[in-house]
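Reviewing the structure listed below.
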Amino acid sequence: MADSLIKVVTAAVTLHWTAMQELWPELKKHSVPKVRISNRMYRTAGIAHCEVHEVEFASKFFNRYKAEMLCVIVPHELIHVADYIINGEDPTDFWHGPDWKRMMLEYGLPPDAHHEYYINKNEPIVRTL
């Protein structure tokens, strides 16, 4: 039986956030960010809503890019939240500034600001994996 998308993504977010709390102890006083799934996004794979401690992911990208979404996009967005908590908001860096890049590298990921995944806006919505 396939697990619901929100359940799978929430588990991945929890796993990555726990690892980030070990890497950056300042995060230990913060709970796992809330997860939202969007059926409308088709250009952006994920968005961090740092001010409200949430991350949002495009359901349609999971159809073609499940592994990349769980292993790259999820931590990418979580590192935005972590950067916001640890370093505060810096309007001059457009969210992919030097602190975020350093944190991506510390977490073992390339600090790529944008993905190259493509989906058609009319692809079916993914509800289970």
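Ordered as shown in the structure tokens, chains take letters A, B, and onward, while each chain numbers its residues from 1 and ligands are numbered from 1 in the order shown.
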Please identify all polymer residues within 8 Å of stretch 40-46 of chain A, counting only C-alpha atoms, omitting same-chain residues fewer than 5 positions from it, and present them as an MDAnalysis selection string.
chainID A and resid 55:61 69 73:74 77 115 118:121
What lies within 12 Å of stretch 101-105 of chain A using only C-alpha atoms, ignoring chain neighbours under 2 positions off, as a PyMOL selection string?
chain A and resi 20+23-24+72-84+86-87+93-99+107-113
Running DSSP on the backbone, which parts of stretch 39-126 of chain A land in alpha helix (DSSP H), as number ranges by chain?
A: 61-68, 74-87, 98-107
Those selected residues, please, written with C-alpha atoms and delivered as a PDB file, in the first residue's frame.
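Okay, this is what ended up in out13.pdb:
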ATOM      1  CA  PHE A  61       7.556  17.005  -8.748  1.00  0.00           C
ATOM      2  CA  PHE A  62       7.378  13.785  -6.728  1.00  0.00           C
ATOM      3  CA  ASN A  63       6.006  11.934  -9.766  1.00  0.00           C
ATOM      4  CA  ARG A  64       9.273  12.238 -11.707  1.00  0.00           C
ATOM      5  CA  TYR A  65      11.837  13.245  -9.096  1.00  0.00           C
ATOM      6  CA  LYS A  66      11.009  11.431  -5.859  1.00  0.00           C
ATOM      7  CA  ALA A  67      14.611  10.746  -4.787  1.00  0.00           C
ATOM      8  CA  GLU A  68      15.806  14.241  -5.685  1.00  0.00           C
ATOM      9  CA  VAL A  74      13.734  18.911   1.254  1.00  0.00           C
ATOM     10  CA  PRO A  75      17.085  19.739   2.904  1.00  0.00           C
ATOM     11  CA  HIS A  76      17.523  22.780   0.603  1.00  0.00           C
ATOM     12  CA  GLU A  77      14.315  24.295   1.975  1.00  0.00           C
ATOM     13  CA  LEU A  78      15.050  23.248   5.553  1.00  0.00           C
ATOM     14  CA  ILE A  79      18.436  24.956   5.376  1.00  0.00           C
ATOM     15  CA  HIS A  80      16.616  28.182   4.503  1.00  0.00           C
ATOM     16  CA  VAL A  81      14.691  27.796   7.763  1.00  0.00           C
ATOM     17  CA  ALA A  82      17.866  26.925   9.677  1.00  0.00           C
ATOM     18  CA  ASP A  83      19.710  29.895   8.155  1.00  0.00           C
ATOM     19  CA  TYR A  84      16.846  32.189   9.167  1.00  0.00           C
ATOM     20  CA  ILE A  85      16.932  30.877  12.747  1.00  0.00           C
ATOM     21  CA  ILE A  86      20.712  30.976  13.139  1.00  0.00           C
ATOM     22  CA  ASN A  87      21.696  34.021  11.077  1.00  0.00           C
ATOM     23  CA  PRO A  98      26.958  33.149   1.798  1.00  0.00           C
ATOM     24  CA  ASP A  99      25.590  31.789   5.087  1.00  0.00           C
ATOM     25  CA  TRP A 100      23.063  29.583   3.287  1.00  0.00           C
ATOM     26  CA  LYS A 101      25.744  28.376   0.839  1.00  0.00           C
ATOM     27  CA  ARG A 102      28.108  27.548   3.707  1.00  0.00           C
ATOM     28  CA  MET A 103      25.364  25.635   5.507  1.00  0.00           C
ATOM     29  CA  MET A 104      24.500  23.663   2.367  1.00  0.00           C
ATOM     30  CA  LEU A 105      28.160  22.646   2.036  1.00  0.00           C
ATOM     31  CA  GLU A 106      28.355  21.762   5.740  1.00  0.00           C
ATOM     32  CA  TYR A 107      25.314  19.529   5.251  1.00  0.00           C
TER      33      TYR A 107
END
One number please: atom CA of A:Ile37 to atom CA of A:Ile6, in Å, one decimal.
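Answer for the atom CA of A:Ile37 to atom CA of A:Ile6 separation: 6.8 Å.
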Measuring atom to atom with only C-alpha atoms, identify which of A:Trp17, A:His49, A:Gly88, A:Glu54 is nearest to A:Pro33.
A:Glu54
Using atom CA of A:Ala19 and atom CA of A:Asp3 as the two end points, give the distance in Å to one decimal.
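Taking atom CA of A:Ala19 and atom CA of A:Asp3, their separation equals 23.0 Å.
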